[in-house]
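A.B. asks: Take a look at the following structure, please.
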Amino acid sequence: MRWTQTFIPTMKETPEGAEIPSHVLMLRAGLINQVMAGAYTYLPLGLRSLRKAERIVREEMDAAGAVELAMPAMSPQHLWEQTGRVAAFGDVLVQTTLRRKDRKVSVVFGPTHEEIVTTLALHHISSYRQLPVILYQITQKFRNEERPRFGVLRTSEFLMKDAYSFNASLESLNASYEAMYAAYCRIFERCGLTYLAVEAESGPIGGDASHEFMAPADNGEDTVLHCPACGYAANQEKAEIGARDFVPPKIPLHELRKVDTPGASTIEQVSNFLKCKPEDLIKTLIYVADGRPIAVLLRGQHEANEGKIRRAVGAGSVELAPPEVIEKVTGAPVGFAGPVGMKEKIPLWADRDVQKIINGVTGANAAEAHLTGVNLGRDFTPDHFADLRNALDGDPCPRCSSTLRLRHAIEIGHVFKLGTKYTDALGAKFLDANEKLLPIIMGCYGIGVNRILAALIETSHDENGILWPMTLAPYEVVVIPVKVPDEKLMAAAVKLHDELAAQGVEVLLDDRDHRAGVKFKDADLIGVPLRIVVGDRGLKEGKLEAKWRWEKDSKLIDLAAAAETIADQIRQERLDNARFRGRGKC
RNA sequence: CGGGGUGUGGCGCAGUCUGGCUAGCGCGUCUGGUUUGGGACCAGAAAGUCGCCGGUUCAAAUCCGGCCACCCCGACCA
């Protein structure tokens, strides 16, 4: 392809509003163009990379035994009502009404396709002999994100690979899950991404029923905890905290005192007012668990983890209590709850770290007042201790004796054992070998294809532009004739281009009549892995100059065998991204 | 949905507080010339309803009111 024939609108300056590297570079390199908040046109270069990611996903899905189909973006709203997901998605669901003569049809633009694929199973799967089967598609999904942001990372329309397994037994589900998990590892590997498979909230099945594939990146919206020593990794919702050994220091216990704290109700206000540290405060949160109030005690600097609370309490639902419940239970306005002298006797659940607080500070269950010198055992005794808070950087690993590291990450994939949620709701059953009618067991497996590109750029760029791995690069080689008006030089460049193309190499010929510097800058910006410079200096000696985007120095190659040499190197790099992976280490 | 910010040729910005000549600058684009290995130089040119609507005024990019769009932080995220 000649540069002058295609459409690559690069920009020297960063458009207003783009902040994170992937967004800035995708715009500057002419990969995408914004249409509105959360909607982008993929320009020729961006589309080429997107298609490459898509192709890798497709190849690995096929290799893992999944079969491709294509479901429509539009589906009838009643399907989504049957599964309760019109309410569950709320405003995120894109809905519209179609007029068809005198009728009106309510339709949903699919944010995902469980309802549709399960209905398909309902129609066509009735016997265990048809199972297992894994169906997948790679299609546009629609979600009305309340706040689209970070360029292509969070948009209202995006390309997603969604796969669904239909299984007759849990063992079969586990096998499908393992197959998808392994395929995901190969996909992200081939895309040149560094990733973690982290444990995530597992829903109805429990156990190891859900993993998120995360690309660690400073600008990621998700938070994961990772133990470099043993490899334990989980998202912050799920991450357990290991044993916290604690020897109580031998310091004298203060007397319990009630002090006025006018206007101070938050942790920050109270610790400022009383000149103590947040970790000395016993944060007391009133939750309603399955309709009953409970108190959750945490150290001041910690955040409650509602999932952990729900599991510890064994409740179906847990939410922060409304003000009137808090006032009724504590006898005080919101902000002054404490475990000592609460008006009503409700279960006290304490996070394990509360045991470390000596001479603590807590709400007095009275307006504008706190207690100081509060001590566990003497002044209050929790009914239960449990792990109730979000894990933090430096917390003990739950699997080994090391400590957890907190990292931000971009979620690029998710595998999930769904169970029978949708087959129950829609009545998709099969007859097993014993002639018993059972709901089909499902798994679902998603990959955000656009996010593969964003995550790659986010973690693979330098001050000049993108560093693509060969497997995702929009073009594999860029040939730059240094002087376009020089006919001999140009002829050599065209010949190389044609020979490379004939060998199946994706080659871009920068035939623009610009100064060399301009073309070098653009080549770096769009990140083509291999750059071949055709210049008069080298040409005199029958040489071309080859430079890998991520390496510092260029090498001379013989003009005579150039196409062969380059094609061989490209083919090798396509296989394993080995040079790319070694970037920066030479 | 709460808080903050921005809107001026294709892109990045100045001008707005303190109303007043023909609305500037850099990049890009076009023409001619000189150049040609890391975003060249000279000369010239095209390109703007100053986000939209209304108001105040002799006069509005500038002041007032309303609306819209975009961005950032937070909340939310099957």
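Each chain in the structure tokens gets a letter, A, B and so on, in the order shown; residues start at 1 in every chain, and ligands are counted from 1 in the order they appear.
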Please identify all polymer residues within 9 Å of A:Leu431, counting only C-alpha atoms (C1' of nucleotides), omitting same-chain residues fewer than 5 positions from it, and present them as a ChimeraX atom specification.
C.D. replies: /A:126-129,436-439
A.B. asks: Any chance you can output those residues with C-alpha atoms as a PDB file, in the first residue's frame?
C.D. replies:
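Heads up, here's the output in part_22.pdb:
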ATOM      1  CA  SER A 126     -33.084 -30.873  23.722  1.00  0.00           C
ATOM      2  CA  SER A 127     -30.729 -33.778  24.306  1.00  0.00           C
ATOM      3  CA  TYR A 128     -27.518 -34.413  26.199  1.00  0.00           C
ATOM      4  CA  ARG A 129     -26.232 -35.840  22.931  1.00  0.00           C
ATOM      5  CA  LYS A 436     -34.455 -36.606  33.278  1.00  0.00           C
ATOM      6  CA  LEU A 437     -35.332 -33.081  32.175  1.00  0.00           C
ATOM      7  CA  LEU A 438     -32.670 -30.658  33.430  1.00  0.00           C
ATOM      8  CA  PRO A 439     -31.755 -27.022  32.818  1.00  0.00           C
TER       9      PRO A 439
END
A.B. asks: Using only C-alpha atoms (C1' of nucleotides) and a distance of at most 10 Å, pull out the residues of chain B that contact chain A, as an MDAnalysis selection string.
C.D. replies: chainID B and resid 1 6 11:12 27:28 35:40 69:72 76:78
A.B. asks: Dump N, CA, C and O atoms (P, O5', C5', C4', C3', O3' and C1' of nucleotides) for the selected residues as a compact mmCIF listing (two decimals), in the first residue's frame?
C.D. replies:
# COMPACT_ATOMS: atom_id res chain seq x y z
P C B 1 -29.34 13.74 34.68
O5' C B 1 -28.50 13.52 36.02
C5' C B 1 -29.21 13.26 37.20
C4' C B 1 -28.24 13.15 38.33
C3' C B 1 -27.22 14.27 38.47
O3' C B 1 -27.78 15.44 39.04
C1' C B 1 -26.17 12.18 38.84
P U B 6 -12.34 27.60 32.02
O5' U B 6 -12.43 26.88 30.60
C5' U B 6 -11.27 26.43 29.94
C4' U B 6 -11.64 25.60 28.73
C3' U B 6 -12.44 26.32 27.65
O3' U B 6 -11.60 27.08 26.81
C1' U B 6 -13.42 24.22 28.08
P C B 11 -10.76 21.11 14.08
O5' C B 11 -9.24 20.86 14.45
C5' C B 11 -8.74 19.55 14.67
C4' C B 11 -7.32 19.62 15.13
C3' C B 11 -7.06 20.54 16.31
O3' C B 11 -7.39 19.96 17.55
C1' C B 11 -5.47 20.98 14.64
P G B 12 -7.86 20.87 18.74
O5' G B 12 -6.51 21.58 19.17
C5' G B 12 -5.44 20.82 19.70
C4' G B 12 -4.27 21.71 19.99
C3' G B 12 -4.58 22.90 20.88
O3' G B 12 -4.62 22.55 22.25
C1' G B 12 -3.30 23.61 19.03
P C B 27 4.59 27.80 11.84
O5' C B 27 3.76 26.45 12.00
C5' C B 27 4.29 25.33 12.69
C4' C B 27 3.27 24.23 12.78
C3' C B 27 2.76 23.69 11.45
O3' C B 27 3.66 22.78 10.84
C1' C B 27 0.93 24.03 12.91
P G B 28 3.78 22.77 9.25
O5' G B 28 2.35 22.25 8.79
C5' G B 28 1.96 20.90 8.99
C4' G B 28 0.49 20.71 8.65
C3' G B 28 0.11 21.02 7.20
O3' G B 28 0.37 19.92 6.35
C1' G B 28 -1.40 22.09 8.65
P U B 35 18.90 24.93 -4.61
O5' U B 35 18.61 24.59 -3.09
C5' U B 35 18.75 23.27 -2.61
C4' U B 35 18.19 23.22 -1.22
C3' U B 35 18.17 21.82 -0.62
O3' U B 35 19.41 21.54 -0.02
C1' U B 35 16.05 22.84 -0.32
P U B 36 20.11 20.16 -0.40
O5' U B 36 19.25 19.12 0.44
C5' U B 36 18.96 19.36 1.81
C4' U B 36 17.88 18.40 2.25
C3' U B 36 18.27 16.95 2.03
O3' U B 36 17.82 16.18 3.12
C1' U B 36 16.24 17.43 0.91
P G B 37 18.87 15.62 4.17
O5' G B 37 17.77 15.31 5.26
C5' G B 37 17.04 14.11 5.19
C4' G B 37 17.34 13.28 6.41
C3' G B 37 18.67 13.63 7.07
O3' G B 37 18.58 13.36 8.46
C1' G B 37 18.70 11.40 6.36
P G B 38 18.10 14.40 9.53
O5' G B 38 16.57 13.93 9.52
C5' G B 38 15.51 14.88 9.50
C4' G B 38 14.75 14.81 10.79
C3' G B 38 15.52 15.30 12.00
O3' G B 38 14.60 15.94 12.88
C1' G B 38 14.82 13.10 12.37
P G B 39 14.25 17.47 12.41
O5' G B 39 13.05 17.25 11.42
C5' G B 39 11.87 16.65 11.89
C4' G B 39 10.72 17.17 11.09
C3' G B 39 10.42 18.66 11.28
O3' G B 39 9.84 19.12 10.07
C1' G B 39 8.57 17.38 11.97
P A B 40 10.75 19.75 8.94
O5' A B 40 11.44 21.00 9.58
C5' A B 40 11.15 22.29 9.11
C4' A B 40 12.39 22.88 8.45
C3' A B 40 12.15 24.26 7.91
O3' A B 40 12.29 25.23 8.94
C1' A B 40 13.26 22.94 6.28
P A B 69 -26.11 17.85 24.86
O5' A B 69 -24.66 18.01 24.25
C5' A B 69 -24.43 17.84 22.86
C4' A B 69 -23.05 18.29 22.51
C3' A B 69 -21.93 17.61 23.29
O3' A B 69 -21.61 16.35 22.74
C1' A B 69 -21.56 19.94 23.26
P C B 70 -21.14 15.16 23.73
O5' C B 70 -19.64 15.58 24.05
C5' C B 70 -18.67 15.59 23.01
C4' C B 70 -17.44 16.32 23.48
C3' C B 70 -16.78 15.78 24.74
O3' C B 70 -15.99 14.64 24.48
C1' C B 70 -16.93 18.12 24.88
P C B 71 -15.82 13.54 25.64
O5' C B 71 -14.79 14.26 26.62
C5' C B 71 -13.46 14.51 26.20
C4' C B 71 -12.73 15.31 27.23
C3' C B 71 -12.69 14.72 28.63
O3' C B 71 -11.71 13.70 28.75
C1' C B 71 -13.22 17.01 28.77
P C B 72 -11.93 12.56 29.86
O5' C B 72 -11.54 13.32 31.20
C5' C B 72 -10.21 13.74 31.44
C4' C B 72 -10.14 14.52 32.73
C3' C B 72 -10.67 13.78 33.96
O3' C B 72 -9.74 12.87 34.49
C1' C B 72 -11.54 15.96 33.92
P C B 76 -20.16 3.57 43.84
O5' C B 76 -20.99 3.42 42.50
C5' C B 76 -22.42 3.36 42.53
C4' C B 76 -22.95 3.25 41.12
C3' C B 76 -22.48 2.03 40.33
O3' C B 76 -23.25 0.88 40.62
C1' C B 76 -22.23 3.96 39.01
P C B 77 -22.54 -0.55 40.69
O5' C B 77 -22.09 -0.78 39.18
C5' C B 77 -23.05 -1.06 38.17
C4' C B 77 -22.34 -1.20 36.85
C3' C B 77 -21.29 -2.30 36.76
O3' C B 77 -21.88 -3.54 36.44
C1' C B 77 -20.41 -0.29 35.89
P A B 78 -21.44 -4.89 37.20
O5' A B 78 -22.52 -5.97 36.72
C5' A B 78 -23.87 -5.86 37.14
C4' A B 78 -24.68 -6.94 36.47
C3' A B 78 -23.90 -8.24 36.20
O3' A B 78 -24.03 -9.12 37.28
C1' A B 78 -24.84 -7.43 34.19
A.B. asks: List every residue of stretch 40-195 of chain A that DSSP, applied to the backbone of this structure, assigns to strand (DSSP E), and report them as a ChimeraX atom specification.
C.D. replies: /A:40-42,67-68,74-76,94-100,103-109,133-142,157-167
A.B. asks: Could you name the residues that touch B:U16 at 10 Å or less, counting only C-alpha atoms (C1' of nucleotides), but leaving out those on the same chain fewer than 5 positions away, as a ChimeraX atom specification?
C.D. replies: /B:61-63
A.B. asks: Among stretch 300-519 of chain A, which residues does DSSP mark as alpha helix (DSSP H) when it is run on the backbone? Keep the chain and numbering as in the structure and answer as a PyMOL selection string.
C.D. replies: chain A and resi 306-313+323-330+421-426+449-459+487-502+516-519
A.B. asks: If we count only C-alpha atoms (C1' of nucleotides), what is near A:Val270 at a cut-off of 10 Å, once residues fewer than 2 positions away on the same chain are taken out, given as a list in words?
C.D. replies: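 The residues that qualify are Thr261, Pro262, Gly263, Ala264, Ser265, Thr266, Ile267, Glu268, Asn272, Phe273, Leu274, Lys275, Cys276, Lys277, Pro278, Leu281, Val361, Thr362, Gly363, Ala369 and His370 of chain A.
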A.B. asks: Kindly give the distance, in Å, that separates atom C1' of B:U18 and atom C1' of B:U56, rounded to a single decimal.
C.D. replies: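 Separation between atom C1' of B:U18 and atom C1' of B:U56: 17.4 Å.
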A.B. asks: Which stretch 355-440 of chain A residues have any atom within 7 Å of an atom of stretch 222-238 of chain A, and for each, what is the nearest pair of atoms with distance in Å to one decimal, counting only C-alpha atoms, rows sorted by chain and number, as CSV?
C.D. replies:
residue,atom,partner,partner_atom,distance
A:Asn390,CA,A:Gln236,CA,6.2
A:Ala391,CA,A:Gln236,CA,6.4
A:Cys397,CA,A:Cys227,CA,6.4
A:Arg399,CA,A:Tyr232,CA,6.9
A:Cys400,CA,A:Cys230,CA,6.6
A:Ser402,CA,A:Ala229,CA,6.3
A:Thr403,CA,A:Cys227,CA,6.2
A:Leu404,CA,A:Cys227,CA,4.7
A:Arg405,CA,A:His226,CA,5.2
A:Leu406,CA,A:Leu225,CA,4.6
A:Arg407,CA,A:Val224,CA,5.3
A:His408,CA,A:Thr223,CA,4.6
A:Ala409,CA,A:Asp222,CA,5.1
A:Ile410,CA,A:Asp222,CA,6.1
A:Glu411,CA,A:Asp222,CA,6.9
A.B. asks: How would the residues just chosen look if you wrote them out with N, CA and C atoms as a PDB file, in the first residue's frame?
C.D. replies:
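Dumped to again-v2.pdb:
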ATOM      1  N   ASN A 390     -11.660  -3.932  51.960  1.00  0.00           N
ATOM      2  CA  ASN A 390     -10.905  -4.057  50.722  1.00  0.00           C
ATOM      3  C   ASN A 390      -9.435  -4.241  51.034  1.00  0.00           C
ATOM      4  N   ALA A 391      -8.801  -5.139  50.307  1.00  0.00           N
ATOM      5  CA  ALA A 391      -7.370  -5.339  50.469  1.00  0.00           C
ATOM      6  C   ALA A 391      -6.622  -4.114  49.952  1.00  0.00           C
ATOM      7  N   CYS A 397      -0.472 -11.672  51.850  1.00  0.00           N
ATOM      8  CA  CYS A 397      -1.055 -12.552  50.830  1.00  0.00           C
ATOM      9  C   CYS A 397      -1.827 -13.675  51.507  1.00  0.00           C
ATOM     10  N   ARG A 399      -2.301 -16.603  50.366  1.00  0.00           N
ATOM     11  CA  ARG A 399      -1.845 -17.924  49.952  1.00  0.00           C
ATOM     12  C   ARG A 399      -0.409 -18.231  50.386  1.00  0.00           C
ATOM     13  N   CYS A 400       0.371 -17.184  50.661  1.00  0.00           N
ATOM     14  CA  CYS A 400       1.748 -17.436  51.061  1.00  0.00           C
ATOM     15  C   CYS A 400       2.152 -16.383  52.094  1.00  0.00           C
ATOM     16  N   SER A 402       4.116 -13.857  51.685  1.00  0.00           N
ATOM     17  CA  SER A 402       4.545 -12.599  51.099  1.00  0.00           C
ATOM     18  C   SER A 402       3.441 -11.538  51.241  1.00  0.00           C
ATOM     19  N   THR A 403       3.622 -10.398  50.573  1.00  0.00           N
ATOM     20  CA  THR A 403       2.606  -9.351  50.657  1.00  0.00           C
ATOM     21  C   THR A 403       2.031  -9.039  49.280  1.00  0.00           C
ATOM     22  N   LEU A 404       0.823  -8.506  49.293  1.00  0.00           N
ATOM     23  CA  LEU A 404       0.110  -8.196  48.058  1.00  0.00           C
ATOM     24  C   LEU A 404       0.540  -6.836  47.532  1.00  0.00           C
ATOM     25  N   ARG A 405       0.588  -6.756  46.201  1.00  0.00           N
ATOM     26  CA  ARG A 405       0.827  -5.474  45.553  1.00  0.00           C
ATOM     27  C   ARG A 405      -0.457  -5.028  44.877  1.00  0.00           C
ATOM     28  N   LEU A 406      -0.791  -3.757  45.023  1.00  0.00           N
ATOM     29  CA  LEU A 406      -1.992  -3.232  44.380  1.00  0.00           C
ATOM     30  C   LEU A 406      -1.611  -2.625  43.033  1.00  0.00           C
ATOM     31  N   ARG A 407      -2.371  -2.963  42.014  1.00  0.00           N
ATOM     32  CA  ARG A 407      -2.096  -2.424  40.691  1.00  0.00           C
ATOM     33  C   ARG A 407      -3.390  -2.019  39.993  1.00  0.00           C
ATOM     34  N   HIS A 408      -3.292  -0.961  39.202  1.00  0.00           N
ATOM     35  CA  HIS A 408      -4.426  -0.620  38.353  1.00  0.00           C
ATOM     36  C   HIS A 408      -4.323  -1.451  37.083  1.00  0.00           C
ATOM     37  N   ALA A 409      -5.464  -1.747  36.494  1.00  0.00           N
ATOM     38  CA  ALA A 409      -5.444  -2.630  35.334  1.00  0.00           C
ATOM     39  C   ALA A 409      -6.636  -2.372  34.432  1.00  0.00           C
ATOM     40  N   ILE A 410      -6.475  -2.776  33.178  1.00  0.00           N
ATOM     41  CA  ILE A 410      -7.554  -2.686  32.195  1.00  0.00           C
ATOM     42  C   ILE A 410      -8.138  -4.081  32.024  1.00  0.00           C
ATOM     43  N   GLU A 411      -9.437  -4.205  32.212  1.00  0.00           N
ATOM     44  CA  GLU A 411     -10.072  -5.513  32.034  1.00  0.00           C
ATOM     45  C   GLU A 411     -10.204  -5.785  30.539  1.00  0.00           C
TER      46      GLU A 411
END
A.B. asks: Looking at only C-alpha atoms, which of A:Met470, A:Ala168, A:Val528, A:Leu539 is the one that sits closest to A:Gln569?
C.D. replies: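 Nearest to A:Gln569: A:Met470.
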A.B. asks: Extract, using only C-alpha atoms (C1' of nucleotides), all DNA, RNA and protein residues at most 6 Å from A:Gln137, discarding same-chain residues fewer than 4 positions from it, and format them as a list in words.
C.D. replies: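 In the requested form, the answer reads Glu68, Leu69, Ala70, Lys161 and Asp162 of chain A.
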